[in-house]
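Source file: run-v7.cif. Holds: mmCIF, C-alpha atoms.
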data_final
loop_
_atom_site.label_atom_id
_atom_site.label_comp_id
_atom_site.auth_asym_id
_atom_site.auth_seq_id
_atom_site.Cartn_x
_atom_site.Cartn_y
_atom_site.Cartn_z
CA MET A 14 22.66 -164.05 44.25
CA ASN A 15 26.31 -164.73 44.97
CA GLN A 16 28.07 -161.37 45.05
CA SER A 17 31.43 -162.65 46.30
CA ARG A 18 32.62 -164.43 43.15
CA PRO A 19 35.35 -162.33 41.51
CA LYS A 20 34.08 -160.60 38.38
CA ALA A 21 37.02 -161.76 36.25
CA LYS A 22 36.44 -165.41 37.17
CA LEU A 23 32.72 -165.06 36.58
CA SER A 24 33.39 -163.41 33.22
CA ARG A 25 35.50 -166.39 32.14
CA ALA A 26 32.82 -168.84 33.27
CA LEU A 27 30.17 -166.98 31.27
CA GLY A 28 32.40 -166.40 28.25
CA ILE A 29 31.89 -162.61 28.24
CA PRO A 30 33.62 -159.71 30.05
CA LEU A 31 31.16 -158.25 32.57
CA THR A 32 33.04 -154.98 33.15
CA ARG A 33 35.58 -152.93 31.24
CA LYS A 34 38.14 -153.85 33.88
CA CYS A 35 37.52 -157.54 33.15
CA VAL A 36 38.23 -157.19 29.43
CA LYS A 37 42.02 -157.50 29.75
CA TYR A 38 41.74 -160.53 32.06
CA PHE A 39 39.21 -162.16 29.76
CA GLU A 40 41.35 -161.59 26.65
CA ARG A 41 44.34 -163.14 28.38
CA ARG A 42 42.41 -166.20 29.61
CA PRO A 43 39.25 -166.56 27.49
CA PHE A 44 38.55 -170.15 28.58
CA PRO A 45 36.49 -171.20 31.63
CA PRO A 46 38.27 -171.24 35.01
CA GLY A 47 39.52 -174.47 36.56
CA VAL A 48 42.04 -177.14 35.57
CA HIS A 49 39.71 -178.47 32.87
CA GLY A 50 38.76 -175.06 31.50
CA ARG A 51 40.49 -175.58 28.14
CA ALA A 52 39.28 -179.11 27.49
CA ARG A 53 35.65 -179.35 28.50
CA LYS A 54 33.20 -181.61 26.66
CA LYS A 55 30.69 -180.18 24.22
CA PRO A 56 27.84 -178.79 26.33
CA SER A 57 24.34 -180.24 26.15
CA ASP A 58 21.43 -178.24 24.73
CA TYR A 59 20.27 -177.55 28.29
CA GLN A 60 23.69 -176.26 29.30
CA VAL A 61 23.77 -173.94 26.27
CA ARG A 62 20.38 -172.46 27.22
CA LEU A 63 21.36 -172.22 30.89
CA LEU A 64 24.58 -170.38 30.03
CA GLU A 65 22.70 -167.88 27.87
CA LYS A 66 20.24 -167.22 30.69
CA GLN A 67 23.09 -166.73 33.16
CA ARG A 68 24.85 -164.37 30.77
CA LEU A 69 21.76 -162.20 30.52
CA ARG A 70 21.17 -162.25 34.27
CA HIS A 71 24.69 -161.19 35.14
CA GLN A 72 24.89 -158.45 32.50
CA TYR A 73 21.97 -156.78 34.27
CA PHE A 74 23.14 -157.89 37.74
CA ILE A 75 19.73 -159.23 38.75
CA SER A 76 18.57 -162.27 40.69
CA GLU A 77 17.06 -165.39 39.20
CA THR A 78 13.67 -164.41 40.68
CA GLN A 79 13.81 -160.96 39.07
CA LEU A 80 14.69 -162.39 35.66
CA ARG A 81 11.96 -165.02 35.89
CA ASN A 82 9.37 -162.39 36.84
CA GLN A 83 10.39 -160.21 33.91
CA PHE A 84 10.20 -163.19 31.57
CA ASP A 85 6.70 -164.07 32.77
CA LYS A 86 5.54 -160.47 32.14
CA ALA A 87 7.12 -160.48 28.68
CA ALA A 88 5.49 -163.83 27.84
CA ARG A 89 2.06 -162.46 28.73
CA GLY A 90 2.45 -159.36 26.57
CA ALA A 91 2.24 -158.77 22.85
CA GLY A 92 5.23 -159.03 20.57
CA LYS A 93 8.22 -161.34 20.65
CA THR A 94 8.87 -162.54 24.19
CA GLY A 95 12.67 -162.39 23.96
CA GLU A 96 12.75 -158.86 22.59
CA SER A 97 10.13 -157.66 25.08
CA LEU A 98 12.22 -159.13 27.89
CA LEU A 99 15.35 -157.29 26.80
CA VAL A 100 13.50 -153.99 26.37
CA ALA A 101 12.06 -154.32 29.88
CA LEU A 102 15.50 -155.03 31.35
CA GLU A 103 17.09 -152.17 29.43
CA CYS A 104 14.48 -149.73 30.76
CA ARG A 105 15.39 -150.51 34.37
CA LEU A 106 16.65 -147.42 36.15
CA ASP A 107 20.05 -148.92 37.00
CA ALA A 108 20.61 -150.01 33.38
CA LEU A 109 19.85 -146.52 32.08
CA VAL A 110 22.09 -144.89 34.70
CA LEU A 111 24.87 -147.05 33.26
CA ARG A 112 24.01 -146.32 29.59
CA ALA A 113 23.88 -142.59 30.31
CA GLY A 114 27.47 -142.70 31.56
CA PHE A 115 26.65 -141.83 35.17
CA ALA A 116 28.42 -145.00 36.39
CA ARG A 117 31.36 -147.13 35.23
CA SER A 118 29.58 -150.49 35.65
CA VAL A 119 26.15 -151.94 36.31
CA TYR A 120 27.32 -152.65 39.86
CA GLN A 121 28.14 -149.00 40.49
CA ALA A 122 24.90 -147.93 38.79
CA ARG A 123 22.83 -150.15 41.03
CA GLN A 124 24.63 -148.83 44.11
CA ALA A 125 24.06 -145.23 43.02
CA VAL A 126 20.32 -145.83 42.75
CA ALA A 127 20.03 -147.87 45.96
CA HIS A 128 21.92 -145.21 47.95
CA GLY A 129 19.48 -142.51 46.91
CA HIS A 130 21.70 -140.53 44.54
CA ILE A 131 19.30 -140.71 41.57
CA ALA A 132 16.02 -138.93 40.83
CA VAL A 133 13.40 -139.51 38.13
CA ASP A 134 11.42 -136.44 37.13
CA GLY A 135 12.78 -134.70 40.21
CA GLN A 136 11.70 -137.38 42.69
CA LYS A 137 14.23 -139.60 44.47
CA VAL A 138 14.00 -143.24 43.36
CA ASP A 139 16.08 -145.79 45.27
CA ARG A 140 14.75 -148.91 43.54
CA PRO A 141 17.15 -150.16 40.82
CA SER A 142 14.36 -152.16 39.14
CA TYR A 143 12.19 -149.06 38.63
CA ARG A 144 10.83 -149.09 35.05
CA VAL A 145 11.59 -145.81 33.34
CA LYS A 146 8.99 -144.68 30.80
CA PRO A 147 9.61 -142.65 27.63
CA TRP A 148 10.17 -138.94 28.31
CA GLN A 149 10.99 -139.45 31.95
CA THR A 150 14.20 -137.69 32.97
CA ILE A 151 16.92 -139.23 35.13
CA THR A 152 19.22 -136.94 37.11
CA VAL A 153 21.87 -137.20 39.77
CA ARG A 154 20.42 -135.43 42.80
CA GLU A 155 21.81 -132.00 43.62
CA ARG A 156 23.29 -133.06 46.96
CA SER A 157 25.19 -135.93 45.27
CA ARG A 158 26.73 -134.09 42.33
CA THR A 159 29.87 -133.00 44.16
CA LYS A 160 30.78 -136.56 45.10
CA PRO A 161 33.90 -137.82 43.25
CA PRO A 162 32.18 -140.67 41.33
CA PHE A 163 29.72 -138.24 39.76
CA GLN A 164 32.35 -135.60 39.10
CA ILE A 165 34.25 -138.28 37.17
CA ALA A 166 31.06 -139.24 35.32
CA ALA A 167 30.33 -135.60 34.40
CA ALA A 168 33.76 -135.42 32.75
CA GLY A 169 32.75 -138.28 30.42
CA ALA A 170 35.13 -140.87 31.88
CA HIS A 171 32.64 -143.74 31.70
CA LEU A 172 31.66 -143.49 28.04
CA ASP A 173 33.65 -145.31 25.36
CA GLY A 174 31.63 -143.86 22.50
CA PRO A 175 28.29 -142.19 21.74
CA THR A 176 25.48 -142.61 24.23
CA ALA A 177 22.56 -144.94 23.54
CA PRO A 178 20.33 -143.60 20.72
CA TYR A 179 17.24 -143.86 22.92
CA LEU A 180 18.73 -141.48 25.51
CA GLU A 181 19.17 -137.74 25.33
CA VAL A 182 22.10 -137.07 27.66
CA SER A 183 23.77 -133.99 29.12
CA LEU A 184 26.74 -135.30 31.07
CA ALA A 185 27.72 -131.84 32.30
CA ASP A 186 24.29 -131.57 33.93
CA LEU A 187 24.21 -135.27 34.87
CA ARG A 188 20.82 -135.51 33.20
CA ALA A 189 19.39 -138.07 30.77
CA THR A 190 15.95 -138.44 29.20
CA LEU A 191 14.59 -141.69 27.79
CA THR A 192 13.18 -140.47 24.48
CA ARG A 193 11.69 -143.84 23.45
CA GLU A 194 11.91 -147.52 24.21
CA PRO A 195 15.00 -149.15 22.68
CA ILE A 196 14.84 -151.67 19.86
CA ARG A 197 16.72 -154.96 20.12
CA SER A 198 19.55 -154.02 17.77
CA GLU A 199 20.39 -151.02 19.98
CA ILE A 200 20.61 -152.91 23.27
CA PRO A 201 24.31 -153.53 24.03
CA VAL A 202 24.10 -156.92 25.70
CA ILE A 203 25.57 -160.19 24.46
CA CYS A 204 22.64 -162.56 24.38
CA ASP A 205 20.70 -164.91 22.13
CA GLU A 206 17.35 -164.14 23.72
CA GLN A 207 15.64 -167.03 21.95
CA LEU A 208 17.76 -169.45 23.99
CA VAL A 209 16.59 -167.70 27.16
CA VAL A 210 12.98 -168.07 26.01
CA GLU A 211 13.59 -171.76 25.33
CA PHE A 212 15.18 -172.19 28.78
CA TYR A 213 12.11 -170.85 30.57
CA SER A 214 9.62 -172.47 28.19
CA ARG A 215 10.94 -176.02 28.45
#
Encoded form using structure tokens:
Amino acid sequence: MNQSRPKAKLSRALGIPLTRKCVKYFERRPFPPGVHGRARKKPSDYQVRLLEKQRLRHQYFISETQLRNQFDKAARGAGKTGESLLVALECRLDALVLRAGFARSVYQARQAVAHGHIAVDGQKVDRPSYRVKPWQTITVRERSRTKPPFQIAAAGAHLDGPTAPYLEVSLADLRATLTREPIRSEIPVICDEQLVVEFYSR
């Protein structure tokens, strides 16, 4: 996965702001980057599906292999494949660290997990892809709570509004419990998941 591409440029290419910081850049230049950004031809059906898949992948900051593996698991399970895929992605530990307000972006959330700052049910978990189950509790580890990023998080700086309805959050304690799996309408990602299903099913 290419990590070096500037987030603002990537946001314009995908047609969605990937971070709060990117919103102002995206609003100012909402067309794709490059000299032909304003006057590109109508995309093919394949390009439409590819773009939707890329949008989903970058909103969760995962690799192509990770997304494909999650899709294959969703396709083998019961229920609608697209919705099952989004629920699985939303229950990743790094995604829930972000939704709980413990980080300002998915990039910071992933780093917090990978650097060992997060625990699940009291046990350190440093794997961002860890699947959190209902009634498991996510906390910032005691030794990490005095670090500036988590002090900022505890003050509520990373939340624009109410927390996700499937999380019970105490920001002051830097603690969040997944009370149930989310439903599609509650998952705050911009994605037509049916196009992603069509991309992988072609």
Long-range neighbours of segment 72-79 of chain A as an mmCIF file with C-alpha atoms, in the frame of the given file, 9 Å cut-off, all atoms listed in the file, 5 positions minimum in chain:
data_model
loop_
_atom_site.group_PDB
_atom_site.id
_atom_site.type_symbol
_atom_site.label_atom_id
_atom_site.label_comp_id
_atom_site.auth_asym_id
_atom_site.auth_seq_id
_atom_site.Cartn_x
_atom_site.Cartn_y
_atom_site.Cartn_z
ATOM 1 C CA MET A 14 22.660 -164.050 44.250
ATOM 2 C CA LEU A 31 31.160 -158.250 32.570
ATOM 3 C CA THR A 32 33.040 -154.980 33.150
ATOM 4 C CA GLN A 67 23.090 -166.730 33.160
ATOM 5 C CA PHE A 84 10.200 -163.190 31.570
ATOM 6 C CA LEU A 102 15.500 -155.030 31.350
ATOM 7 C CA GLU A 103 17.090 -152.170 29.430
ATOM 8 C CA ASP A 107 20.050 -148.920 37.000
ATOM 9 C CA ALA A 108 20.610 -150.010 33.380
ATOM 10 C CA VAL A 119 26.150 -151.940 36.310
ATOM 11 C CA TYR A 120 27.320 -152.650 39.860
ATOM 12 C CA ARG A 123 22.830 -150.150 41.030
ATOM 13 C CA SER A 142 14.360 -152.160 39.140
ATOM 14 C CA VAL A 202 24.100 -156.920 25.700
ATOM 15 C CA ILE A 203 25.570 -160.190 24.460
#
### Message
Can you translate the PyMOL selection byres ((chain A and resi 173-189) around 12) into the concrete residues it hits in this file, as a PyMOL selection string?
### Response
chain A and resi 33+100+103-104+106+108-117+130-135+145-155+157-159+162-172+190-201
### Task
May I ask for the distance between atom CA of Asp139 of chain A and atom CA of Gln121 of chain A, given in Å to one decimal place?
13.4 Å
### Task
Would you work out the distance separating atom CA of His128 of chain A from atom CA of Cys204 of chain A, expressed in Å to one decimal?
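Spanning atom CA of His128 of chain A to atom CA of Cys204 of chain A is a straight-line distance of 29.3 Å.
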### Message
Considering all atoms listed in the file, can you say which of A:Ala26, A:Leu69, A:Leu63, A:Gly95 comes closest to Glu206 of chain A?
### Response
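For Glu206 of chain A, the nearest of the given residues is A:Gly95.
Counting all atoms listed in the file, the residue from A:Ala88, A:Lys22, A:Pro56, A:Arg70 that sits nearest to Glu211 of chain A is A:Ala88.
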